[in-house]
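Engineer: Got a structure for you, questions after.
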Amino acid sequence: MPELPTADPYLPGHGDPSYSVRHYDLDITYVPEGNRLRGTAVLDVVVATETSRLVLDLAHLQAGKVRVDGARLKKWAARDERLVLQLAGPAAEGTELRITVAYAGTPLPVIDEHHGDAGWEELTDGVIVAAQPHGAPTWFPCNDRPDDKATYRITVSAPTGYTVVSNGTLADHRRRASVETWRHEMDKPMATYLATVQIGRYVTVQHDERTRTIGTQDADLAGSFDQQPAMMEFFERAFGPYPFDAYAAVITDDDLEIPLESQSLSTFGRNFCTDDWSHVRLIAHEMAHQWFGNAVTLARWQDIWLHEGFACYSEWLWSEESGGPRTCDEWARHHHDKLADLDQDLLLADPGPALMFDDRVYKRGALTLHALRADVGDDAFFDVLRGWAAQQAGASVTTEEFLAFATDRTGRDVAALLEPWLYDTDLPPYPG
């Protein structure tokens, strides 16, 4: 039996590099009682290399009907949490196809040895989708690879009384009998793991034109989520214009161990509604991901520091800007001292799947940026960040591309400067 493709070695059994998706149109009905989902997904795809086989990722849910427009579908089958579509003949590079999949079942998270569980998850009364890095197939058929970004239309019907939040702009909201239907549109390219649906009994607090918090009626936002407009203003000065139309923070009625990143919104548990710095820093962290991780997305999971190092450094910047517990330099020195006492076995530019979300990736990644800042100075450093975010918006990038961009922008050999931080396991001396 032919082996199924893997697009990224960090996530075996996910993604098919033979084609790319340009647009997802998802129409989903969800019934909380019994945790039942029914959906139709329409994928507009283009063939990247000649192929007679297309493989989609779909976990725990059962496809009932599959259609391909633009080529003749010979047969299809479910195999290893994937859908294998066999065409009657090879489709040439550049061929445009439309794949329609009707599916249903009980959505459940996926679990693997390195990343734990991810994807569709029931709450006490509602749903969260936390898809990073491998959970997207738990709620829609997709080409689950981080470098395959597409636009989305996501329509979700749920019982009256539930609010549905998803990526992008709310384009339509209708109530019919005991069901409400919500349609969101994301017109900026988005990786599959950043697509999300949040369902709960929520109310909305609109902070300003672009920032809002969606949570339970009694959620206390003072000293925490009410800082988001100021964070947005500061990050725009530091990183450039916000890359999407608006930003939302969703607060579930359940406690969550960590916040959940997705494009144009983030999700937190109600335990984050405090003014404690350990929580406030993560509100800043998730917002910063909208620039670094969402608009500009890694092409390979090995380059995760381009997301987490940048977002962690943003925490330190916000601490200094807001009069938090430490200045940016004090945070950098603090975490350099802590890293020096830990095992020196992490290769930042390629940590491996078991360590890709290790806290050392976050802190050493932030220190790598601090080393660049110390060498080139504030003006050049923030010019690099703004230029990188602007030039690469909507793109998928690598560490090598960032080093080349920063070198060109500053006139310094940034690759040589940052090589010890990225490609050696031993911790370099404190920069500056």
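Note on naming: chains are A, B, ... as they come in the structure tokens, residues start from 1 per chain, ligands start from 1 in the order shown.
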Name all residues at most 8 Å from Val21 in chain A (count only C-alpha atoms; drop same-chain ones fewer than 4 positions away) and give them as a PyMOL selection string.

Structural biologist: chain A and resi 43-46+143+148-150

Engineer: Next, write the just-selected residues to a file, as a compact mmCIF listing (two decimals), in the first residue's frame, keeping N, CA and C atoms as the atom set.

Structural biologist:
```txt
# COMPACT_ATOMS: atom_id res chain seq x y z
N LEU A 43 -13.16 23.06 -0.81
CA LEU A 43 -11.77 23.49 -0.89
C LEU A 43 -11.44 23.82 -2.34
N ASP A 44 -11.03 25.05 -2.59
CA ASP A 44 -10.52 25.42 -3.90
C ASP A 44 -9.01 25.24 -3.87
N VAL A 45 -8.50 24.32 -4.70
CA VAL A 45 -7.10 23.94 -4.62
C VAL A 45 -6.43 24.10 -5.97
N VAL A 46 -5.09 24.17 -5.93
CA VAL A 46 -4.29 24.17 -7.14
C VAL A 46 -3.20 23.12 -6.99
N ASN A 143 -5.62 20.53 4.25
CA ASN A 143 -4.23 20.22 3.97
C ASN A 143 -3.43 20.81 5.12
N ASP A 148 0.81 26.28 4.04
CA ASP A 148 -0.28 26.31 3.08
C ASP A 148 -1.38 27.22 3.60
N LYS A 149 -1.28 28.50 3.29
CA LYS A 149 -2.21 29.50 3.80
C LYS A 149 -3.29 29.79 2.78
N ALA A 150 -4.51 29.98 3.27
CA ALA A 150 -5.67 30.18 2.40
C ALA A 150 -6.60 31.20 3.05
```

Engineer: Near Ala374 in chain A, within 10 Å and counting only C-alpha atoms, which residues show up once chain neighbours fewer than 5 positions away are dropped, as a list of chain:residue names?

Structural biologist: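 What passes the distance filter is A:Asp329, A:Thr368, A:Leu369, A:Phe381, A:Pro431, A:Gly432.
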
Engineer: Save the residues we just selected, N, CA and C atoms, as a CSV table (one decimal), in the first residue's frame?

Structural biologist:
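The file below, selection30.csv, is the result:
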```
chain,number,residue,atom,x,y,z
A,329,ASP,N,15.4,45.1,29.4
A,329,ASP,CA,16.8,44.6,29.7
A,329,ASP,C,16.8,43.8,31.0
A,368,THR,N,17.7,36.1,21.6
A,368,THR,CA,18.3,36.3,20.2
A,368,THR,C,17.9,37.7,19.6
A,369,LEU,N,16.7,38.1,19.8
A,369,LEU,CA,16.3,39.4,19.3
A,369,LEU,C,17.0,40.5,20.2
A,381,PHE,N,16.8,48.3,15.0
A,381,PHE,CA,16.1,47.0,15.4
A,381,PHE,C,14.6,47.1,15.1
A,431,PRO,N,24.2,39.5,25.8
A,431,PRO,CA,24.5,40.5,24.8
A,431,PRO,C,24.6,41.9,25.3
A,432,GLY,N,25.6,42.7,24.8
A,432,GLY,CA,25.7,44.1,25.1
A,432,GLY,C,26.8,44.3,26.1
```

Engineer: Name all residues at most 10 Å from range 29-38 of chain A (count only C-alpha atoms; drop same-chain ones fewer than 5 positions away) and give them as a list in words.

Structural biologist: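 Near range 29-38 of chain A, the qualifying residues are Leu61, Gln62, Ala63, Ala102, Tyr103, Ala104, Gly105, Thr106, Pro107, Leu108, Glu121, Glu122, Leu123, Asp125, Gly126, Val127, Trp139, Phe140, Thr155, Val156, Ser157, Ala158, Pro159, Tyr162, Val179, Glu180, Thr181 and Ile199 of chain A.
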
Engineer: For each of A:Glu400, A:Leu372, A:Pro325, A:Trp318, take the minimum atom-to-atom distance to Arg237 in chain A, counting only C-alpha atoms, then give the residue where this is smallest.

Structural biologist: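 Closest to Arg237 in chain A of all the choices is A:Trp318.
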
Engineer: List the spatial neighbours of Asp25 in chain A as an MDAnalysis selection string - criterion: any atom at most 6 Å away, only C-alpha atoms, same-chain residues fewer than 6 positions off excluded.

Structural biologist: chainID A and resid 41:42 152:153

Engineer: Would you put the residues from that selection into a file with N, CA and C atoms, as a JSON list (two decimals), in the first residue's frame?

Structural biologist:
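Okay, this is what ended up in selection-v9.json:
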```json
[["chain", "number", "residue", "atom", "x", "y", "z"],
["A", 41, "ALA", "N", -17.45, 20.92, 3.59],
["A", 41, "ALA", "CA", -16.26, 21.73, 3.31],
["A", 41, "ALA", "C", -16.02, 21.76, 1.81],
["A", 42, "VAL", "N", -15.83, 22.98, 1.28],
["A", 42, "VAL", "CA", -15.49, 23.16, -0.13],
["A", 42, "VAL", "C", -14.10, 23.77, -0.19],
["A", 152, "TYR", "N", -10.66, 32.06, 4.12],
["A", 152, "TYR", "CA", -11.70, 31.21, 4.72],
["A", 152, "TYR", "C", -13.04, 31.92, 4.79],
["A", 153, "ARG", "N", -14.10, 31.14, 4.60],
["A", 153, "ARG", "CA", -15.44, 31.53, 5.02],
["A", 153, "ARG", "C", -15.94, 30.42, 5.93]]
```

Engineer: Please give the complete set of residues from range 108-209 of chain A that DSSP, run on the backbone, assigns to helix (DSSP H, G or I), formatted as an NGL selection string.

Structural biologist: :A and (136-138 or 192-194)

Engineer: What's the separation between CA of Ala416 in chain A and CA of Phe402 in chain A, in Å to one decimal place?

Structural biologist: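 Between CA of Ala416 in chain A and CA of Phe402 in chain A the gap is 12.8 Å.
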
Engineer: Fewer than 4 positions away in the same chain doesn't count, so skip those; otherwise give me all residues within 12 Å of Asn294 in chain A, counting only C-alpha atoms, as an NGL selection string.

Structural biologist: :A and (132 or 146-147 or 149 or 167 or 188-195 or 242-244 or 261-266 or 286-290 or 298-299 or 306-308 or 310-311 or 389 or 392-397)

Engineer: Identify which of the residues A:Leu260, A:Thr216, A:Glu419, A:Ala295 lies closest to Gln391 in chain A, counting only C-alpha atoms when measuring atom-to-atom distances.

Structural biologist: A:Ala295

Engineer: One number please: CA of Pro2 in chain A to CA of Leu97 in chain A, in Å, one decimal.

Structural biologist: 22.9 Å

Engineer: Between A:Ser166, A:Thr425, A:Thr124, A:Thr297, single out the one closest to Asp343 in chain A, counting only C-alpha atoms.

Structural biologist: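 Closest to Asp343 in chain A, using only C-alpha atoms: A:Thr425.
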
Engineer: For a test of reading the model, state the distance in Å between CA of Gln217 in chain A and CA of Thr169 in chain A, rounded to one decimal.

Structural biologist: 22.6 Å

Engineer: Can you check which residues of range 132-357 of chain A DSSP gives as strand (DSSP E) on the backbone and send them as a VMD selection string?

Structural biologist: chain A and resid 150 to 159 163 to 166 169 to 176 179 to 190 197 to 200 203 to 206 211 to 215 247 to 252 260 to 262 265 to 269 297 to 298

Engineer: Measuring between only C-alpha atoms, which one of A:Gln302, A:Ser178, A:Thr267, A:Ser314 shows the shortest distance to Met232 in chain A?

Structural biologist: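 Under the stated criterion, the closest residue is A:Ser314.
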
Engineer: Can you tell me which residues surround Val384 in chain A at a distance of at most 10 Å, considering only C-alpha atoms, apart from same-chain residues fewer than 6 positions away, and format the answer as number ranges by chain?

Structural biologist: A: 239, 372-373, 376, 378, 390, 402, 405-410

Engineer: So that I can check the surroundings of Gly215 in chain A, please list as a PDB file with N, CA and C atoms, in the first residue's frame every protein, DNA and RNA residue that reaches within 8 Å of it, counting only C-alpha atoms and ignoring chain neighbours fewer than 6 positions away.

Structural biologist:
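Printed below is selection-v5.pdb as written:
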```pdb
ATOM      1  N   ARG A 201     -21.805  30.798  25.863  1.00  0.00           N
ATOM      2  CA  ARG A 201     -22.869  31.764  26.222  1.00  0.00           C
ATOM      3  C   ARG A 201     -22.174  33.062  26.622  1.00  0.00           C
ATOM      4  N   TYR A 202     -21.888  33.879  25.619  1.00  0.00           N
ATOM      5  CA  TYR A 202     -20.993  35.011  25.788  1.00  0.00           C
ATOM      6  C   TYR A 202     -21.691  36.349  25.544  1.00  0.00           C
ATOM      7  N   VAL A 203     -21.114  37.377  26.123  1.00  0.00           N
ATOM      8  CA  VAL A 203     -21.461  38.758  25.808  1.00  0.00           C
ATOM      9  C   VAL A 203     -20.187  39.453  25.354  1.00  0.00           C
ATOM     10  N   THR A 204     -20.352  40.565  24.629  1.00  0.00           N
ATOM     11  CA  THR A 204     -19.210  41.272  24.055  1.00  0.00           C
ATOM     12  C   THR A 204     -19.006  42.616  24.738  1.00  0.00           C
ATOM     13  N   VAL A 250     -11.322  36.003  23.566  1.00  0.00           N
ATOM     14  CA  VAL A 250     -12.447  35.210  24.057  1.00  0.00           C
ATOM     15  C   VAL A 250     -12.069  34.642  25.418  1.00  0.00           C
ATOM     16  N   ILE A 251     -12.967  34.800  26.399  1.00  0.00           N
ATOM     17  CA  ILE A 251     -12.721  34.288  27.748  1.00  0.00           C
ATOM     18  C   ILE A 251     -13.766  33.219  28.048  1.00  0.00           C
ATOM     19  N   THR A 252     -13.322  31.982  28.149  1.00  0.00           N
ATOM     20  CA  THR A 252     -14.249  30.890  28.431  1.00  0.00           C
ATOM     21  C   THR A 252     -14.666  30.919  29.898  1.00  0.00           C
ATOM     22  N   ASP A 253     -15.769  30.260  30.182  1.00  0.00           N
ATOM     23  CA  ASP A 253     -16.223  30.160  31.567  1.00  0.00           C
ATOM     24  C   ASP A 253     -15.414  29.127  32.348  1.00  0.00           C
TER      25      ASP A 253
END
```
